[in-house]
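Before any comments, here is the structure.
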Amino acid sequence: MTEQGKPSLEVCLSPALLHLYDVKNCIVVIIDVLRATSTICTALNNGATKVIPVSSVAECVSIGKQLGAVTAGERDGMIAEGLLNGNSPFEYSREFIQDKTLVLTTTNGTKLLHMAKDAIQIITGSFPNISAVCDYLVAQKLPVILGCAAWKDRVNLEDTLFAGAVVSRIKEHFSVNCDSAIMAESVYNTSKDDIFGFMTQASHFKRLANYGLEKDIRYCLSPDGANVLPIFRNGELVIAG
C-alpha cells in the first residue's frame with residue numbers, strides 16, 4: 001500500500017520492461033488487444049471451457065492432440081503453419097467453441113503471460129471485457145500492473161490505449177505514481193472519441209488491414225462485447241468466479 005492507503009497502479013508498456021516491476025506483489029493484467037486477449041475473452045464468453053496459452057506451435061499441436069482440443073494461433077498476424085484456426089475473435093462463435101478447450105499460441109500475448117507467472121494473480125484484458133477488468137481490479141484492492149504485450153517488445157498503440165482507458169476508469173481507487181500510466185491515459189483521452197480513426201496510424205492496424213481484418217480491429221476496439229473476466233490458474237485461462 002502507498003502512503004495514501006491506496007494500492008499502486010502502474011503500466012508496463014512492453015514485456016522488455018517487465019523486469020523493472022515488482023510482479024510478485026501485484027495483479028498483472030495481460031493486454032494484447034489485437035488480438036489475443038480479445039479472442040480469449042470472446043471464446044470464454046461463447047462457452048469455451050478453458051483457454052490454454054502456450055508459447056510454441058509445436059506445443060500447441062501436441063497439447064491439442066492430447067486433449068482433443070481446438071488448436072489455434074498466429075505468427076505476425078496470420079494463421080500459424082500447422083494450425084487450422086487463427087486468432088480472430090470471429091472464429092470462436094458459440095456454435096463452434098462451446099464446451100471445447102482452446103489451445104492458443106500468439107506472437108506477443110502468450111509470451112508476456114508466461115513472463116508474469118510469479119504475480120499474485122494474472123488476468124487478461126482488452127476492450128471487449130474492459131468493464132469486467134475494471135470492476136475486478138477495484139474490488140480486489142491490490143497493487144496492479146497493466147502489462148502491454150506490445151509487438152515483438154516494441155511499444156504499440158492499441159495496448160497502450162487500453163491501459164490508458166483502464167487508468168482513466170479506475171485511477172480514483174489507486175495511487176498512480178507512474179509516468180507510463182499518465183502517458184497511457186493521455187493517449188487514451190486524446191483518442192477516445194474516435195479510437196478506430198486514431199488507430200489507423202498504428203503499425204499493427206496497417207499490418208492487419210493488409211490482410212482485410214478491419215472487422216476484427218473494430219471489434220477488438222469496442223467495449224464490452226465479451227464482458228467476462230479470464231483468470232490464469234494452473235496454466236489455464238478460465239472465467240473468474
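Quick note on naming: the chains in the C-alpha cells go A, B, ... in the order shown, residues restart at 1 in each chain, and ligands are numbered from 1 in order of appearance.
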Exercise. Quick one: residues within 8 Å of range 9-12 of chain A, only C-alpha atoms counted, chain neighbours fewer than 4 positions away excluded, as a PyMOL selection string?
Worked result: chain A and resi 17-18+21+143-148+163+167+171+174-178+180-181+184
For this session: Taking the DSSP assignment computed from this structure's backbone, write out as a PyMOL selection string all residues of range 10-226 of chain A that belong to strand (DSSP E).
Result: chain A and resi 10-12+27-31+50-53+70-75+78-79+101-105+121-125+144-148
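Residues in contact with Glu91 in chain A at up to 10 Å, not including ones fewer than 4 positions away on its chain and judged by only C-alpha atoms, are Thr39, Thr42, Ala43, Ala72, Asn85, Gly86, Asn87, Phe96 and Ile97 of chain A.
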Problem set entry | Shell of 10 Å around range 149-162 of chain A, only C-alpha atoms, local chain residues under 6 positions omitted, as a PyMOL selection string | chain A and resi 11-17+29-37+76+107-113+125-127+130+168+180-181+183-192+195-196+198-199+201-205+217+220-221
Exercise. What lies within 12 Å of Leu142 in chain A using only C-alpha atoms, ignoring chain neighbours under 3 positions off, as a ChimeraX atom specification?
Worked result: /A:1-2,5-10,23-28,119-121,136-139,145,173-175
Keeping only N, CA, C and O atoms, write the selected residues as a tab-separated table (two decimals), in the first residue's frame.
chain	number	residue	atom	x	y	z
A	1	MET	N	0.83	-1.20	0.00
A	1	MET	CA	0.00	0.00	0.00
A	1	MET	C	0.86	1.26	0.00
A	1	MET	O	1.97	1.26	0.54
A	2	THR	N	0.38	2.30	-0.61
A	2	THR	CA	1.07	3.58	-0.64
A	2	THR	C	0.72	4.40	0.59
A	2	THR	O	-0.09	4.00	1.42
A	5	GLY	N	-2.79	4.98	1.45
A	5	GLY	CA	-3.60	3.81	1.79
A	5	GLY	C	-4.25	3.17	0.58
A	5	GLY	O	-5.08	2.27	0.73
A	6	LYS	N	-3.88	3.62	-0.62
A	6	LYS	CA	-4.42	3.04	-1.84
A	6	LYS	C	-3.35	2.18	-2.50
A	6	LYS	O	-2.16	2.51	-2.46
A	7	PRO	N	-3.76	1.08	-3.14
A	7	PRO	CA	-2.77	0.26	-3.85
A	7	PRO	C	-2.25	0.99	-5.08
A	7	PRO	O	-2.90	1.89	-5.61
A	8	SER	N	-1.07	0.60	-5.54
A	8	SER	CA	-0.46	1.25	-6.70
A	8	SER	C	-1.06	0.73	-8.00
A	8	SER	O	-1.52	-0.41	-8.09
A	9	LEU	N	-1.05	1.60	-9.00
A	9	LEU	CA	-1.48	1.24	-10.35
A	9	LEU	C	-0.39	1.69	-11.31
A	9	LEU	O	-0.07	2.87	-11.39
A	10	GLU	N	0.21	0.71	-12.02
A	10	GLU	CA	1.32	1.00	-12.92
A	10	GLU	C	1.04	0.41	-14.30
A	10	GLU	O	0.27	-0.54	-14.43
A	23	VAL	N	6.50	-7.70	-9.93
A	23	VAL	CA	5.40	-8.56	-10.35
A	23	VAL	C	4.85	-9.40	-9.20
A	23	VAL	O	3.64	-9.62	-9.09
A	24	LYS	N	5.72	-9.85	-8.31
A	24	LYS	CA	5.33	-10.81	-7.27
A	24	LYS	C	4.25	-10.27	-6.33
A	24	LYS	O	3.52	-11.04	-5.73
A	25	ASN	N	4.17	-8.97	-6.19
A	25	ASN	CA	3.22	-8.38	-5.24
A	25	ASN	C	2.04	-7.72	-5.92
A	25	ASN	O	1.36	-6.88	-5.31
A	26	CYS	N	1.77	-8.08	-7.16
A	26	CYS	CA	0.74	-7.39	-7.94
A	26	CYS	C	-0.20	-8.37	-8.65
A	26	CYS	O	0.15	-9.52	-8.90
A	27	ILE	N	-1.36	-7.85	-9.01
A	27	ILE	CA	-2.17	-8.45	-10.07
A	27	ILE	C	-1.62	-7.92	-11.38
A	27	ILE	O	-1.43	-6.72	-11.54
A	28	VAL	N	-1.33	-8.81	-12.31
A	28	VAL	CA	-0.87	-8.39	-13.63
A	28	VAL	C	-2.01	-8.62	-14.63
A	28	VAL	O	-2.58	-9.71	-14.70
A	119	ALA	N	3.21	-13.45	-10.49
A	119	ALA	CA	2.26	-12.46	-9.97
A	119	ALA	C	1.29	-13.10	-8.97
A	119	ALA	O	1.07	-14.32	-8.98
A	120	ILE	N	0.69	-12.26	-8.12
A	120	ILE	CA	-0.35	-12.74	-7.21
A	120	ILE	C	-1.49	-13.37	-8.01
A	120	ILE	O	-1.99	-14.44	-7.69
A	121	GLN	N	-1.90	-12.67	-9.04
A	121	GLN	CA	-2.93	-13.17	-9.96
A	121	GLN	C	-2.59	-12.64	-11.35
A	121	GLN	O	-1.97	-11.59	-11.49
A	136	TYR	N	-13.22	-5.77	-11.43
A	136	TYR	CA	-12.45	-6.75	-10.66
A	136	TYR	C	-11.27	-6.09	-9.96
A	136	TYR	O	-11.03	-6.33	-8.77
A	137	LEU	N	-10.55	-5.26	-10.67
A	137	LEU	CA	-9.37	-4.62	-10.09
A	137	LEU	C	-9.74	-3.72	-8.92
A	137	LEU	O	-9.06	-3.71	-7.89
A	138	VAL	N	-10.81	-2.99	-9.05
A	138	VAL	CA	-11.27	-2.13	-7.95
A	138	VAL	C	-11.66	-2.97	-6.74
A	138	VAL	O	-11.32	-2.65	-5.59
A	139	ALA	N	-12.34	-4.08	-6.98
A	139	ALA	CA	-12.82	-4.92	-5.87
A	139	ALA	C	-11.68	-5.61	-5.13
A	139	ALA	O	-11.77	-5.84	-3.91
A	145	ILE	N	-0.40	-4.09	-12.09
A	145	ILE	CA	0.43	-3.74	-13.24
A	145	ILE	C	-0.37	-4.06	-14.50
A	145	ILE	O	-0.80	-5.21	-14.69
A	173	HIS	N	-9.33	4.97	-7.34
A	173	HIS	CA	-9.22	3.92	-6.33
A	173	HIS	C	-7.77	3.51	-6.08
A	173	HIS	O	-7.51	2.65	-5.23
A	174	PHE	N	-6.84	4.10	-6.81
A	174	PHE	CA	-5.44	3.68	-6.75
A	174	PHE	C	-4.52	4.89	-6.58
A	174	PHE	O	-4.91	6.03	-6.81
A	175	SER	N	-3.30	4.60	-6.20
A	175	SER	CA	-2.23	5.59	-6.23
A	175	SER	C	-1.48	5.43	-7.56
A	175	SER	O	-0.94	4.36	-7.84
Exercise. Tell me, which residues of range 53-221 of chain A carry DSSP helix (DSSP H, G or I), written as a ChimeraX atom specification?
Worked result: /A:57-67,89-91,94-97,109-115,127-140,157-173,179-191,195-199,203-209,214-220
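Shortest atom-to-atom contact with His114 in chain A among A:Gln98, A:Ser222, A:Gln140, A:Ser55: A:Ser55, counting only C-alpha atoms.
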Exercise. Which residues, written as number ranges by chain, have at least one atom at most 6 Å from Pro128 in chain A, with only C-alpha atoms counted and residues fewer than 4 positions away on the same chain left out?
Worked result: A: 222-226
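All residues of protein, DNA or RNA that reach within 9 Å of Tyr211 in chain A, judged by only C-alpha atoms and not counting those fewer than 4 positions away in the chain, are Gly77, Met78, Lys206 and Arg207 of chain A.
Comparing the minimum interatomic distances between Leu83 in chain A and each of A:Asp194, A:Glu236, A:Glu59, A:Asp179, counting only C-alpha atoms, we find that A:Glu59 sits nearest.
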Exercise. Of the candidates A:Thr101, A:Val133, A:Tyr219, A:Val238, which one gets nearest to Gln66 in chain A if we count only C-alpha atoms?
Worked result: A:Thr101
Taking only C-alpha atoms into account, produce a table as JSON lines in which each residue of range 91-195 of chain A with an atom at most 6 Å from an atom of range 227-232 of chain A appears once, together with its shortest atom pair and the distance in Å to one decimal, ordered by chain and rising number.
{"residue": "A:Ile122", "atom": "CA", "partner": "A:Phe232", "partner_atom": "CA", "distance": 5.4}
{"residue": "A:Ile123", "atom": "CA", "partner": "A:Ile231", "partner_atom": "CA", "distance": 4.4}
{"residue": "A:Thr124", "atom": "CA", "partner": "A:Pro230", "partner_atom": "CA", "distance": 5.7}
{"residue": "A:Asn129", "atom": "CA", "partner": "A:Asn227", "partner_atom": "CA", "distance": 4.0}
{"residue": "A:Ala132", "atom": "CA", "partner": "A:Leu229", "partner_atom": "CA", "distance": 5.7}
